[in-house]
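Chemist: My structure is below; once you've seen it, I'll send some questions.
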Amino acid sequence: MSDSGRLATDLRAAAARLARARRVVVYSGAGVSKESGISTFRDPSEGLWAKYDPMELATAEAYARDPAFVWAWYMDRFGLIEQAQPNPGHAALAELADLVPLTIVTQNIDGLHQRAGSCDVIELHGSALRFKCLTGRHTGLSLADLAGSDEAPPRCPHCGEIVRPDVVWFGEALPTAALERAFELASRCEVLLAVGTSGVVYPAAMVPVLAQQAGATVIDVNPEPDAIANMADWFLQGPGGEVLPRLVAEVKRLCEEG
Ligand code: BJW
């Protein structure tokens, strides 16, 4: 069978499973936003970690060493995120939530699932829209809240300590409530739909593992066979912006058929 014939067959089978599922978890990563113009991390030529050393940018130690440098890097990235638009993959996932009960567990900080209309989104690695001071006492700050400080990084309007992006750096704990809810949902979902993640960053990478251990069907959408493709019942090879609209259109057709 040709690759496109195989994809069409697997896509129909995966859609049939999704259409009768009562609990679905979507587990997403940077790849789902690539077609919105946002870089992934581990692409060997274009990924952020191919160009920059994560230990110099995505650790608390790096921020303590050179806060201005790290802040400037994040402000550049957050500017790109602000300009980005959700792509057809994000839109398809928002539509899927109207067809089957679904929660999105994302490692992304870009907020594009929410901007596409998804309501139940768990952010495991924080958000580009929030900042907190280094004391940890003042959280949920927006850039508008920081407008009164002309330093870079700005200072907290409440305590005067410098602020940082509210994202999870290497060696840091993930937000407890978000991680607990993600693990709980993964452990009792019927279908785990992974999209655009290499599946190598822990503890988030336990989400598909827990689902599979609990007997869920695992579907993986990715242009490359990654860690999750190996454990998936169906590996739908291709970009999220192309595969997800086809998958969701088929789920919709099946749901309308009854
Ligand atoms: C497409 C596509 C298209 C392309 N369509 N798809 C166990 C074993 C080994 C190590 C560890 C372990 N447990 C913990 C660790 C250490 C570490 C870790 O996991 N390291 C591994 C890398 C080895 N984990 C941590 O440090 C975590 N913290 C922790 O464990 O704390 C312990 C602790 C407990 C209690 C108290 C204190 C401490 C924290 C991890 C934080 C990760 N942070 C980052 C940066 C966030 C902020 C920022 O954006 O700057 O999160 S790193 C980066 O990786 C980012 C992502 O969310 C995360 C995952 O990446 P993702 O999304 O999978 O992207 P890629 O690039 O890897 O993959 C993209 C995929 O898309 C590819 O598969 C492509 O093929 C595909 N694709 N085009 C669909 N069009």
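Within each chain, counting starts at residue 1; across the structure tokens, chains are named A, B, ... in the order shown, with ligands numbered 1 upward in that order.
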Quick one: DSSP helix (DSSP H, G or I) residues in stretch 9-251 of chain A, as a PyMOL selection string?
Modeler: chain A and resi 9-19+30-36+48-51+54-57+60-65+67-83+88-96+112-115+144-146+176-187+206-213+229-231+240-251
Chemist: Which residues in stretch 50-165 of chain A does DSSP call strand (DSSP E or B)? List them as an NGL selection string.
Modeler: :A and (102-106 or 121-123 or 126-133 or 141 or 155 or 162-165)
Chemist: Taking only C-alpha atoms and all ligand atoms into account, report as an MDAnalysis selection string which residues have an atom no farther than 6 Å from an atom of ligand 1.
Modeler: chainID A and resid 29:32 34:35 40:43 58 107:108 125 167:173 195:203 222:224 226 239:240
Chemist: Measuring between only C-alpha atoms, which one of A:Tyr63, A:Gly79, A:Leu96, A:Val26 shows the shortest distance to A:Asp220?
Modeler: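 Ranking A:Tyr63, A:Gly79, A:Leu96, A:Val26 by distance to A:Asp220, first place goes to A:Val26.
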Chemist: Between A:Ser149, A:Ser127, A:Thr103, A:Asn87, which residue has the minimum interatomic distance to A:Glu190, considering only C-alpha atoms?
Modeler: A:Thr103
Chemist: Show which residues sit within 8 Å of A:Ser187, as a ChimeraX atom specification. Count only C-alpha atoms, and ignore same-chain residues fewer than 2 positions away.
Modeler: /A:183-185,189,210-211,213-214
Chemist: Between atom CA of A:Val100 and atom CA of A:Glu257, what is the distance, to one decimal in Å?
Modeler: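 Those two atoms sit 14.4 Å apart.
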Chemist: Of the candidates A:Gly160, A:Gly258, A:Pro154, A:Pro225, which shows the shortest atom-to-atom distance to A:Ala68, using only C-alpha atoms?
Modeler: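 For A:Ala68, the nearest of the candidates is A:Pro154.
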Chemist: Report, in Å to a single decimal, how far apart atom CA of A:Ala8 and atom CA of A:Arg188 are.
Modeler: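 Computing the Euclidean distance for atom CA of A:Arg188 and atom CA of A:Ala8 yields 28.2 Å.
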Chemist: So, counting only C-alpha atoms, which residue among A:Ser142, A:Ala205, A:Arg6, A:Glu242 is closest to A:Leu124?
Modeler: A:Ala205
Chemist: Please report the interatomic distance between atom CA of A:Glu151 and atom CA of A:Phe69 in Å with one decimal.
Modeler: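 Straight-line distance from atom CA of A:Glu151 to atom CA of A:Phe69 works out to 12.6 Å.
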Chemist: For A:His158, please output as a list in words all residues within 12 Å (counting only C-alpha atoms; exclusion window: fewer than 2 positions along the same chain).
Modeler: Lys132, Cys133, Leu134, Thr135, Gly136, Arg137, His138, Thr139, Leu141, Asp145, Leu146, Gly148, Ser149, Pro154, Arg155, Cys156, Gly160, Glu161, Ile162 and Val163 of chain A
Chemist: Neighbouring residues of A:Ser33 were defined as those with any atom within 10 Å, considering only C-alpha atoms; residues of the same chain fewer than 5 positions away were excluded. Please report them as number ranges by chain.
Modeler: A: 28, 38-40, 81, 84-90, 108, 110-113, 195-196, 240-241
Chemist: Taking only C-alpha atoms into account, name the residue in A:Ala128, A:Cys119, A:Asp3, A:Arg12 that is nearest to A:Lys252.
Modeler: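 For A:Lys252, the nearest of the candidates is A:Arg12.
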Chemist: Can you work out which one of A:Trp73, A:Leu174, A:Ala14, A:Ala64 has the shortest atom-to-atom distance to A:Tyr52, counting only C-alpha atoms?
Modeler: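 For A:Tyr52, the nearest of the given residues is A:Trp73.
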Chemist: Skipping near chain neighbours, those fewer than 2 positions away, what residues fall within 12 Å of A:Val70 using only C-alpha atoms, listed as a list in words?
Modeler: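 With the cut-off at 12 Å, the set is Tyr52, Asp53, Pro54, Met55, Glu56, Leu57, Ala58, Thr59, Ala60, Glu61, Ala62, Tyr63, Ala64, Arg65, Asp66, Pro67, Ala68, Ala72, Trp73, Tyr74, Met75, Asp76, Arg77, Ala152, Pro153, Val163, Arg164, Pro165 and Trp169 of chain A.
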